[in-house]
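The structure under discussion appears below in the form of structure tokens.
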Amino acid sequence: MKKISLFLTLALLLLGLAACKPAEPVDLGLEVPEGDTFHLRIAEDPETLDNVKTTSAAAESVMALTFMERLIYIDQQNVIHGWLAESWVVSDDQRQVTFILRQGVKFTDGTDFNAEAVKFHFDRILDRANASPAKAYYGSLEEAVVLDTYTVKLVFAEPFAGLWNVLSYAYSGFNSPAAVEQWGDEYGRHPVGTGPFMLNEWIPGSRLTFVRNPNYVQVREDATNPGPAKLAQIVFLVIPEDGTAMAALQTGELDASVLNADTLPQVEGNPDFNIYIIENTTSIQFIEFNCEEPPFDDPQFRTALGYAVDRESIVQASRGGYSTVLYNPLAPGLIGYDASIGEAYGTPYDPDRARQMLDALGWVDSDGDGIREKDGEPASFEMWSYTGYTYVPRTLEVLQQNFLDVGVEITIELSDWGAFYPRLKRDGLDMDLMRWTWGDMNVMSVLWRSPGHRGHIPADAELDAVLEAIDTTMAMDQRLVLAAQAQQMLLERMLVIPIQADWTLYALKADVRDFHTDYFGYVIAGDVWFEK
């Protein structure tokens, strides 16, 4: 009766982790330019900086800020812009996208960025020998074809509407083919891109230091600085604990840090700090079920549990209020999100209604112990989730009490990712608490088009057709209609219980200037400077 789920991103991350050898210190001996050093916290050490070999958040947070540029970017208004591509054309059958590349761009090793470099990157992703975790994100991509020095074409077996989202992530950035060939399996410790910074030193578990690329030219319209970065260096300090990070901010060891809501009040109102909050979130937290076995195969039972969830209390307990209560199976920061659908078809907190629905389904507390039963089986189930984040156990504590209040008992089981992931596609679990970050409405297809990311969602021809159309329809007006249909259908079936969409919280030293992010929350690091 029990199954578990986890999003594909983390599954692929684990594959990348397994492929990596224990890291040795790296010192590239680059000349350190004059200027300021910006110290930024990361919560864990990247396993590699080869974006073909990883899609982990730890690696992305470093690569995207420093050396890894992409064909396009999406600004905070959800508008797509050219970056290393000046323009593009989608074929009439929507299976080919031809990019005209920006000329004159060089990798920091002096070699040219061109169509061959683009093809080289996608060839590596498609090469089975590389076991690239990014491959799954490119839909039906078949090949990259060089048309001339600065023109390249991506060819798909089927239209892939999620392409723009995928191209905006750091794992779609480009590596110097010469550097990849020079370093081979060790390239991930010696990465070379076209961005504003270059890796100079990496002490595993401690810090990564990047120095300014003196030849850099910024072409992004959402950047304020068109030339080389204003900072001389960016140092990423590996600090897993929020409390330690806060202490490092207060002592000046850090200039900026992502923080948990618990620690943020320590800097609120303090003139020595500023707060940068990203509410335009693309992340959602939700409960999933084993929809193949009773009682979770009944959408009415799942809906009853949805009415038992006190989202307001969860937001306060787990995120200190720095989160959006969510009724939709789509994050508020995504194109296609429609709050009115959640209001009409979602499950606002109503424990009396939950009790009435459970009564009607035959789940009653016949022996007065507070736990309902049906056909001799108690309403006692397991809920799995993951360790390493304070918001997870705090969310689970509220959920445990919410469900108990309506006569449903859940036992919580937590494990680290390494133990958690292998069980995701096996039988044996009832419910799981998940969080997923994605930049496009096709996240609904990634997660819940049967058989789903867990491989255990029963076929549903009507829903699957809509989710498939989201994947293959590139006209935005049509996709918006499909997104609305999908959100309604998912809520009518209550395949998942949406809970919240968390915000990203940064604490900054008061003298930090022009710290800002794009649609995906990537800091535009070349703009950052210190006011003297």
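Residues are named by chain letter and number: chains run A, B, ... in the order of the structure tokens, numbers start at 1 in each chain, and ligands are numbered from 1 in the order shown.
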For A:Gln400: contacts at 10 Å, only C-alpha atoms, fewer than 3 positions along chain excluded, given as a compact mmCIF listing (two decimals) with all heavy atoms, in the first residue's frame:
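And here's out-v6.txt as it stands now:
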# COMPACT_ATOMS: atom_id res chain seq x y z
N VAL A 309 -5.42 20.02 5.65
CA VAL A 309 -4.11 20.67 5.71
C VAL A 309 -4.26 22.16 6.02
O VAL A 309 -4.88 22.91 5.27
CB VAL A 309 -3.36 20.49 4.38
CG1 VAL A 309 -2.04 21.26 4.41
CG2 VAL A 309 -3.09 19.01 4.12
N MET A 383 4.41 8.58 6.02
CA MET A 383 4.77 9.68 5.14
C MET A 383 6.28 9.83 5.17
O MET A 383 6.87 10.02 6.23
CB MET A 383 4.09 10.99 5.54
CG MET A 383 4.47 12.15 4.60
SD MET A 383 3.61 13.70 4.96
CE MET A 383 1.97 13.31 4.37
N ARG A 394 9.44 20.57 10.19
CA ARG A 394 8.44 21.51 10.72
C ARG A 394 7.13 21.39 9.95
O ARG A 394 6.04 21.48 10.54
CB ARG A 394 8.98 22.93 10.67
CG ARG A 394 10.14 23.13 11.64
CD ARG A 394 10.71 24.50 11.55
NE ARG A 394 11.86 24.66 12.45
CZ ARG A 394 12.55 25.78 12.58
NH1 ARG A 394 12.24 26.83 11.86
NH2 ARG A 394 13.56 25.83 13.41
N THR A 395 7.22 21.23 8.65
CA THR A 395 6.02 21.00 7.86
C THR A 395 5.36 19.69 8.27
O THR A 395 4.13 19.61 8.45
CB THR A 395 6.35 20.95 6.36
OG1 THR A 395 6.90 22.22 5.95
CG2 THR A 395 5.12 20.65 5.52
N LEU A 396 6.15 18.67 8.44
CA LEU A 396 5.61 17.35 8.79
C LEU A 396 4.95 17.35 10.16
O LEU A 396 3.94 16.66 10.38
CB LEU A 396 6.73 16.32 8.73
CG LEU A 396 7.23 15.97 7.33
CD1 LEU A 396 8.53 15.19 7.40
CD2 LEU A 396 6.17 15.17 6.57
N GLU A 397 5.48 18.10 11.09
CA GLU A 397 4.87 18.16 12.43
C GLU A 397 3.46 18.73 12.35
O GLU A 397 2.54 18.24 13.01
CB GLU A 397 5.74 19.01 13.35
CG GLU A 397 7.04 18.33 13.77
CD GLU A 397 7.98 19.28 14.50
OE1 GLU A 397 7.55 20.44 14.76
OE2 GLU A 397 9.12 18.89 14.79
N PHE A 403 -3.69 15.85 10.30
CA PHE A 403 -4.33 14.59 9.94
C PHE A 403 -4.91 13.88 11.17
O PHE A 403 -5.99 13.28 11.11
CB PHE A 403 -3.35 13.69 9.19
CG PHE A 403 -3.01 14.16 7.80
CD1 PHE A 403 -1.85 13.75 7.18
CD2 PHE A 403 -3.85 15.00 7.11
CE1 PHE A 403 -1.53 14.17 5.90
CE2 PHE A 403 -3.56 15.44 5.83
CZ PHE A 403 -2.39 15.02 5.22
N LEU A 404 -4.17 13.96 12.28
CA LEU A 404 -4.68 13.33 13.50
C LEU A 404 -5.97 14.00 13.95
O LEU A 404 -6.87 13.32 14.49
CB LEU A 404 -3.63 13.43 14.60
CG LEU A 404 -3.92 12.64 15.89
CD1 LEU A 404 -4.08 11.16 15.60
CD2 LEU A 404 -2.82 12.89 16.92
N ASP A 405 -6.09 15.30 13.72
CA ASP A 405 -7.31 16.03 14.11
C ASP A 405 -8.55 15.51 13.37
O ASP A 405 -9.67 15.69 13.84
CB ASP A 405 -7.15 17.52 13.81
CG ASP A 405 -6.22 18.21 14.80
OD1 ASP A 405 -5.95 17.63 15.87
OD2 ASP A 405 -5.77 19.33 14.50
N VAL A 408 -6.81 10.59 11.18
CA VAL A 408 -5.85 9.87 10.34
C VAL A 408 -4.47 9.99 10.97
O VAL A 408 -4.00 11.10 11.24
CB VAL A 408 -5.83 10.42 8.90
CG1 VAL A 408 -4.76 9.72 8.07
CG2 VAL A 408 -7.20 10.25 8.25
N GLU A 409 -3.84 8.86 11.20
CA GLU A 409 -2.53 8.83 11.85
C GLU A 409 -1.44 8.63 10.80
O GLU A 409 -1.55 7.75 9.94
CB GLU A 409 -2.48 7.69 12.86
CG GLU A 409 -1.16 7.57 13.60
CD GLU A 409 -1.16 6.38 14.55
OE1 GLU A 409 -1.52 5.27 14.10
OE2 GLU A 409 -0.82 6.56 15.73
N ILE A 410 -0.41 9.47 10.85
CA ILE A 410 0.72 9.26 9.96
C ILE A 410 2.00 9.11 10.78
O ILE A 410 2.20 9.79 11.79
CB ILE A 410 0.90 10.39 8.92
CG1 ILE A 410 1.18 11.74 9.59
CG2 ILE A 410 -0.30 10.48 7.99
CD1 ILE A 410 1.59 12.82 8.59
N THR A 411 2.80 8.19 10.35
CA THR A 411 4.13 7.98 10.92
C THR A 411 5.14 8.58 9.96
O THR A 411 5.12 8.30 8.77
CB THR A 411 4.41 6.48 11.11
OG1 THR A 411 3.42 5.92 11.97
CG2 THR A 411 5.80 6.27 11.70
N ILE A 412 6.01 9.41 10.50
CA ILE A 412 6.97 10.13 9.66
C ILE A 412 8.28 9.36 9.60
O ILE A 412 8.81 8.93 10.63
CB ILE A 412 7.22 11.55 10.23
CG1 ILE A 412 5.94 12.39 10.12
CG2 ILE A 412 8.38 12.22 9.50
CD1 ILE A 412 6.01 13.69 10.88
**Prompt:** Please, which residues of stretch 139-311 of chain A, numbered as in this document, come out helix (DSSP H, G or I) from DSSP, as number ranges by chain?
**Reply:** A: 163-168, 170-172, 177-189, 242-251, 264-266, 299-308, 311
**Request:** Mind checking which residues fall within 8 Å of A:Asp338, counting only C-alpha atoms, ignoring those fewer than 4 positions away in the same chain, and posting them as JSON, numbers by chain?
**Result:** {"A": [328, 332, 342, 484]}
**Prompt:** Quick one: residues within 8 Å of A:Val146, only C-alpha atoms counted, chain neighbours fewer than 2 positions away excluded, as a PyMOL selection string?
**Reply:** chain A and resi 115-116+119+144+148-149+151-153
What parts of stretch 311-446 of chain A does DSSP call strand (DSSP E)? I'd like the answer as a CSV table (one decimal) with all heavy atoms, in the first residue's frame.
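part_10.csv, written as the output of this step:
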chain,number,residue,atom,x,y,z
A,323,SER,N,6.6,32.7,2.7
A,323,SER,CA,6.2,31.8,1.7
A,323,SER,C,4.8,32.1,1.3
A,323,SER,O,4.1,32.8,2.0
A,323,SER,CB,6.3,30.3,2.3
A,323,SER,OG,6.1,29.3,1.4
A,324,THR,N,4.4,31.5,0.1
A,324,THR,CA,3.0,31.8,-0.4
A,324,THR,C,2.2,30.5,-0.2
A,324,THR,O,2.6,29.4,-0.6
A,324,THR,CB,3.1,32.1,-1.9
A,324,THR,OG1,3.9,33.3,-2.1
A,324,THR,CG2,1.7,32.3,-2.4
A,325,VAL,N,1.0,30.7,0.5
A,325,VAL,CA,0.1,29.6,0.6
A,325,VAL,C,-0.4,29.2,-0.7
A,325,VAL,O,-0.7,30.0,-1.6
A,325,VAL,CB,-1.1,30.0,1.5
A,325,VAL,CG1,-2.3,29.0,1.4
A,325,VAL,CG2,-0.7,30.2,3.0
A,373,GLU,N,-11.2,3.7,11.2
A,373,GLU,CA,-11.0,2.4,10.6
A,373,GLU,C,-12.0,2.2,9.5
A,373,GLU,O,-13.0,2.8,9.5
A,373,GLU,CB,-11.1,1.3,11.7
A,373,GLU,CG,-10.3,1.4,12.9
A,373,GLU,CD,-11.0,2.1,14.0
A,373,GLU,OE1,-12.3,2.1,14.0
A,373,GLU,OE2,-10.4,2.7,14.9
A,374,LYS,N,-11.6,1.3,8.6
A,374,LYS,CA,-12.6,0.8,7.6
A,374,LYS,C,-12.2,-0.6,7.3
A,374,LYS,O,-11.1,-0.9,7.0
A,374,LYS,CB,-12.5,1.7,6.4
A,374,LYS,CG,-13.5,1.3,5.3
A,374,LYS,CD,-13.4,2.2,4.1
A,374,LYS,CE,-14.4,1.8,3.0
A,374,LYS,NZ,-14.3,2.7,1.8
A,377,GLU,N,-9.3,-2.1,8.9
A,377,GLU,CA,-7.9,-1.5,8.8
A,377,GLU,C,-7.9,-0.1,9.3
A,377,GLU,O,-8.8,0.7,9.0
A,377,GLU,CB,-7.6,-1.5,7.3
A,377,GLU,CG,-7.4,-2.9,6.6
A,377,GLU,CD,-6.1,-3.5,7.2
A,377,GLU,OE1,-5.2,-2.8,7.5
A,377,GLU,OE2,-6.1,-4.8,7.3
A,378,PRO,N,-7.0,0.2,10.2
A,378,PRO,CA,-6.9,1.6,10.7
A,378,PRO,C,-6.4,2.6,9.7
A,378,PRO,O,-5.6,2.2,8.8
A,378,PRO,CB,-5.9,1.4,11.9
A,378,PRO,CG,-5.0,0.3,11.5
A,378,PRO,CD,-5.9,-0.6,10.7
A,380,SER,N,-3.9,4.4,9.4
A,380,SER,CA,-2.6,4.7,9.9
A,380,SER,C,-1.6,4.5,8.7
A,380,SER,O,-1.6,3.3,8.1
A,380,SER,CB,-2.2,3.7,11.0
A,380,SER,OG,-3.0,4.0,12.2
A,381,PHE,N,-0.9,5.5,8.4
A,381,PHE,CA,-0.1,5.5,7.2
A,381,PHE,C,1.3,6.1,7.4
A,381,PHE,O,1.5,6.8,8.4
A,381,PHE,CB,-0.8,6.2,6.0
A,381,PHE,CG,-2.2,5.8,5.8
A,381,PHE,CD1,-3.3,6.6,6.3
A,381,PHE,CD2,-2.5,4.6,5.2
A,381,PHE,CE1,-4.6,6.3,6.1
A,381,PHE,CE2,-3.9,4.2,5.1
A,381,PHE,CZ,-4.9,5.1,5.5
A,382,GLU,N,2.2,5.8,6.5
A,382,GLU,CA,3.5,6.4,6.5
A,382,GLU,C,3.6,7.6,5.6
A,382,GLU,O,3.0,7.6,4.5
A,382,GLU,CB,4.6,5.4,6.1
A,382,GLU,CG,4.8,4.3,7.1
A,382,GLU,CD,5.9,3.3,6.7
A,382,GLU,OE1,6.4,3.5,5.6
A,382,GLU,OE2,6.3,2.5,7.5
A,383,MET,N,4.4,8.6,6.0
A,383,MET,CA,4.8,9.7,5.1
A,383,MET,C,6.3,9.8,5.2
A,383,MET,O,6.9,10.0,6.2
A,383,MET,CB,4.1,11.0,5.5
A,383,MET,CG,4.5,12.2,4.6
A,383,MET,SD,3.6,13.7,5.0
A,383,MET,CE,2.0,13.3,4.4
A,384,TRP,N,6.9,9.8,4.0
A,384,TRP,CA,8.3,9.9,3.9
A,384,TRP,C,8.7,11.3,3.4
A,384,TRP,O,8.0,11.9,2.6
A,384,TRP,CB,8.8,8.8,2.8
A,384,TRP,CG,9.2,7.5,3.4
A,384,TRP,CD1,8.4,6.7,4.2
A,384,TRP,CD2,10.4,6.9,3.4
A,384,TRP,NE1,9.0,5.6,4.5
A,384,TRP,CE2,10.3,5.7,4.1
A,384,TRP,CE3,11.7,7.2,2.8
A,384,TRP,CZ2,11.4,4.8,4.2
A,384,TRP,CZ3,12.7,6.4,2.9
A,384,TRP,CH2,12.6,5.2,3.6
A,385,SER,N,9.9,11.7,3.9
A,385,SER,CA,10.5,12.9,3.3
A,385,SER,C,12.0,12.8,3.6
A,385,SER,O,12.5,11.8,4.0
A,385,SER,CB,9.8,14.1,3.9
A,385,SER,OG,10.1,15.3,3.1
A,386,TYR,N,12.7,14.0,3.5
A,386,TYR,CA,14.1,14.0,3.4
A,386,TYR,C,14.7,14.9,4.5
A,386,TYR,O,14.1,15.8,5.1
A,386,TYR,CB,14.6,14.5,2.1
A,386,TYR,CG,13.9,15.8,1.6
A,386,TYR,CD1,14.4,17.0,1.9
A,386,TYR,CD2,12.7,15.7,0.9
A,386,TYR,CE1,13.7,18.2,1.5
A,386,TYR,CE2,12.1,16.8,0.5
A,386,TYR,CZ,12.6,18.1,0.8
A,386,TYR,OH,11.9,19.2,0.4
A,409,GLU,N,-3.8,8.9,11.2
A,409,GLU,CA,-2.5,8.8,11.8
A,409,GLU,C,-1.4,8.6,10.8
A,409,GLU,O,-1.5,7.8,9.9
A,409,GLU,CB,-2.5,7.7,12.9
A,409,GLU,CG,-1.2,7.6,13.6
A,409,GLU,CD,-1.2,6.4,14.5
A,409,GLU,OE1,-1.5,5.3,14.1
A,409,GLU,OE2,-0.8,6.6,15.7
A,410,ILE,N,-0.4,9.5,10.8
A,410,ILE,CA,0.7,9.3,10.0
A,410,ILE,C,2.0,9.1,10.8
A,410,ILE,O,2.2,9.8,11.8
A,410,ILE,CB,0.9,10.4,8.9
A,410,ILE,CG1,1.2,11.7,9.6
A,410,ILE,CG2,-0.3,10.5,8.0
A,410,ILE,CD1,1.6,12.8,8.6
A,411,THR,N,2.8,8.2,10.3
A,411,THR,CA,4.1,8.0,10.9
A,411,THR,C,5.1,8.6,10.0
A,411,THR,O,5.1,8.3,8.8
A,411,THR,CB,4.4,6.5,11.1
A,411,THR,OG1,3.4,5.9,12.0
A,411,THR,CG2,5.8,6.3,11.7
A,412,ILE,N,6.0,9.4,10.5
A,412,ILE,CA,7.0,10.1,9.7
A,412,ILE,C,8.3,9.4,9.6
A,412,ILE,O,8.8,8.9,10.6
A,412,ILE,CB,7.2,11.5,10.2
A,412,ILE,CG1,5.9,12.4,10.1
A,412,ILE,CG2,8.4,12.2,9.5
A,412,ILE,CD1,6.0,13.7,10.9
A,413,GLU,N,8.8,9.2,8.4
A,413,GLU,CA,10.1,8.6,8.2
A,413,GLU,C,11.0,9.5,7.4
A,413,GLU,O,10.6,9.9,6.3
A,413,GLU,CB,10.0,7.2,7.5
A,413,GLU,CG,9.3,6.2,8.4
A,413,GLU,CD,9.5,4.8,7.8
A,413,GLU,OE1,10.5,4.6,7.1
A,413,GLU,OE2,8.6,3.9,8.1
A,414,LEU,N,12.1,9.9,7.9
A,414,LEU,CA,13.0,10.8,7.3
A,414,LEU,C,14.3,10.1,7.0
A,414,LEU,O,14.8,9.3,7.8
A,414,LEU,CB,13.3,12.0,8.1
A,414,LEU,CG,12.2,13.0,8.4
A,414,LEU,CD1,12.6,14.0,9.4
A,414,LEU,CD2,11.7,13.7,7.2
A,415,SER,N,14.9,10.4,5.8
A,415,SER,CA,16.2,9.8,5.5
A,415,SER,C,16.9,10.8,4.6
A,415,SER,O,16.3,11.7,4.0
A,415,SER,CB,16.1,8.4,4.8
A,415,SER,OG,15.3,8.5,3.7
A,431,MET,N,2.5,7.9,1.4
A,431,MET,CA,2.6,9.4,1.0
A,431,MET,C,4.0,9.9,1.1
A,431,MET,O,4.8,9.3,1.8
A,431,MET,CB,1.7,10.2,1.9
A,431,MET,CG,0.2,9.8,1.9
A,431,MET,SD,-0.7,10.9,3.1
A,431,MET,CE,-0.4,9.9,4.6
A,432,ASP,N,4.3,11.0,0.4
A,432,ASP,CA,5.5,11.6,0.6
A,432,ASP,C,5.4,13.1,0.5
A,432,ASP,O,4.4,13.6,-0.1
A,432,ASP,CB,6.6,11.2,-0.5
A,432,ASP,CG,6.2,11.5,-1.9
A,432,ASP,OD1,6.5,12.6,-2.3
A,432,ASP,OD2,5.5,10.7,-2.5
A,433,LEU,N,6.2,13.8,1.2
A,433,LEU,CA,6.3,15.3,1.1
A,433,LEU,C,7.4,15.7,0.3
A,433,LEU,O,8.6,15.4,0.5
A,433,LEU,CB,6.5,15.9,2.6
A,433,LEU,CG,6.6,17.4,2.6
A,433,LEU,CD1,5.3,18.1,2.2
A,433,LEU,CD2,7.1,17.8,4.0
A,434,MET,N,7.1,16.5,-0.8
A,434,MET,CA,8.1,16.8,-1.8
A,434,MET,C,8.2,18.3,-2.0
A,434,MET,O,7.3,19.0,-1.7
A,434,MET,CB,7.8,16.2,-3.1
A,434,MET,CG,8.0,14.7,-3.2
A,434,MET,SD,9.8,14.4,-3.2
A,434,MET,CE,10.0,13.7,-1.6
A,435,ARG,N,9.3,18.7,-2.5
A,435,ARG,CA,9.5,20.1,-3.0
A,435,ARG,C,10.2,20.0,-4.4
A,435,ARG,O,11.1,19.3,-4.6
A,435,ARG,CB,10.4,20.9,-2.0
A,435,ARG,CG,10.6,22.4,-2.5
A,435,ARG,CD,11.5,23.1,-1.5
A,435,ARG,NE,11.9,24.4,-1.9
A,435,ARG,CZ,12.9,24.8,-2.7
A,435,ARG,NH1,13.7,23.8,-3.1
A,435,ARG,NH2,13.2,26.0,-3.0
A,436,TRP,N,9.7,20.8,-5.3
A,436,TRP,CA,10.2,20.8,-6.7
A,436,TRP,C,10.4,22.2,-7.2
A,436,TRP,O,9.5,23.0,-7.1
A,436,TRP,CB,9.2,20.0,-7.6
A,436,TRP,CG,9.8,19.6,-8.9
A,436,TRP,CD1,10.2,20.4,-9.9
A,436,TRP,CD2,9.9,18.2,-9.4
A,436,TRP,NE1,10.6,19.6,-11.0
A,436,TRP,CE2,10.4,18.3,-10.7
A,436,TRP,CE3,9.7,17.0,-8.8
A,436,TRP,CZ2,10.7,17.2,-11.4
A,436,TRP,CZ3,9.9,15.9,-9.6
A,436,TRP,CH2,10.5,15.9,-10.9
A,437,THR,N,11.5,22.4,-7.9
A,437,THR,CA,11.8,23.7,-8.5
A,437,THR,C,11.9,23.5,-10.0
A,437,THR,O,12.6,22.6,-10.5
A,437,THR,CB,13.1,24.3,-8.0
A,437,THR,OG1,13.0,24.6,-6.6
A,437,THR,CG2,13.3,25.7,-8.7
**Prompt:** In Å, how far is it from atom CA of A:Val219 to atom CA of A:Trp83?
**Reply:**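 Computed distance, atom CA of A:Val219 to atom CA of A:Trp83, equals 6.7 Å.
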**Asked** Hey, what's within 12 Å of stretch 190-192 of chain A if we count only C-alpha atoms and toss same-chain stuff fewer than 5 positions away? As a ChimeraX atom specification, please?
**Response** /A:23-29,48-52,59,62-63,66-69,106-113,173-185,197-202,208,210,213
Could you save the residues just selected, with C-alpha atoms, as a compact mmCIF listing (two decimals), in the first residue's frame?
# COMPACT_ATOMS: atom_id res chain seq x y z
CA ALA A 23 37.94 15.95 -4.81
CA GLU A 24 41.45 17.27 -4.36
CA PRO A 25 42.32 20.96 -3.81
CA VAL A 26 42.70 22.95 -7.01
CA ASP A 27 44.97 26.00 -7.36
CA LEU A 28 45.08 27.39 -10.89
CA GLY A 29 47.46 30.19 -9.97
CA THR A 48 31.72 18.97 -10.01
CA LEU A 49 31.58 22.10 -12.15
CA ASP A 50 31.12 20.18 -15.38
CA ASN A 51 27.51 20.97 -16.22
CA VAL A 52 27.23 17.91 -18.45
CA ALA A 59 26.79 23.32 -8.74
CA VAL A 62 28.16 28.52 -8.49
CA MET A 63 28.27 28.05 -12.27
CA THR A 66 30.47 33.01 -12.50
CA PHE A 67 31.55 31.36 -15.75
CA MET A 68 28.56 29.67 -17.38
CA GLU A 69 26.63 31.65 -20.03
CA LYS A 106 35.66 33.94 -26.46
CA PHE A 107 36.14 31.40 -23.72
CA THR A 108 38.50 32.51 -21.00
CA ASP A 109 41.20 30.20 -22.39
CA GLY A 110 41.21 32.38 -25.54
CA THR A 111 39.37 29.95 -27.83
CA ASP A 112 36.29 31.01 -29.82
CA PHE A 113 32.70 30.46 -28.87
CA GLY A 173 25.80 26.86 -20.56
CA PHE A 174 28.85 26.22 -22.70
CA ASN A 175 32.27 24.83 -21.89
CA SER A 176 35.45 25.35 -23.85
CA PRO A 177 35.86 22.24 -26.05
CA ALA A 178 39.64 22.68 -25.84
CA ALA A 179 39.55 22.65 -22.03
CA VAL A 180 37.25 19.62 -21.91
CA GLU A 181 39.58 17.72 -24.22
CA GLN A 182 42.65 18.84 -22.25
CA TRP A 183 41.37 17.81 -18.82
CA GLY A 184 39.14 14.86 -19.67
CA ASP A 185 37.56 13.37 -16.55
CA PHE A 197 34.65 35.15 -13.59
CA MET A 198 37.23 32.35 -13.79
CA LEU A 199 37.89 29.60 -11.24
CA ASN A 200 41.20 30.17 -9.46
CA GLU A 201 41.08 28.01 -6.33
CA TRP A 202 38.91 25.22 -4.94
CA LEU A 208 35.78 28.21 -4.18
CA PHE A 210 36.79 33.01 -8.77
CA ASN A 213 37.63 37.92 -16.42
**Prompt:** Contacts of A:Arg319 at 8 Å or less, counting only C-alpha atoms, minus same-chain residues fewer than 3 places along, as number ranges by chain?
**Reply:** A: 260-262, 314-316, 322-323, 391, 502
**Request:** Give me, please, the distance in Å between atom CA of A:Ala510 and atom CA of A:Ala247, quoted to one decimal.
**Result:**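 Answer for the atom CA of A:Ala510 to atom CA of A:Ala247 separation: 15.8 Å.
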**Asked** Contacts of A:Ala354 at 7 Å or less, counting only C-alpha atoms, minus same-chain residues fewer than 3 places along, as an MDAnalysis selection string?
**Response** chainID A and resid 304:305 307:308 350:351 357:358 406
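Each of A:Ala507, A:Leu429, A:Ala525, A:Leu463 was compared to A:Asp255 using only C-alpha atoms, and A:Ala507 turns out to be the nearest.
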**Prompt:** atom CA of A:Asp222 and atom CA of A:Val523 are how many Å apart?
**Reply:**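 Computing it gives 11.2 Å between the two atoms.
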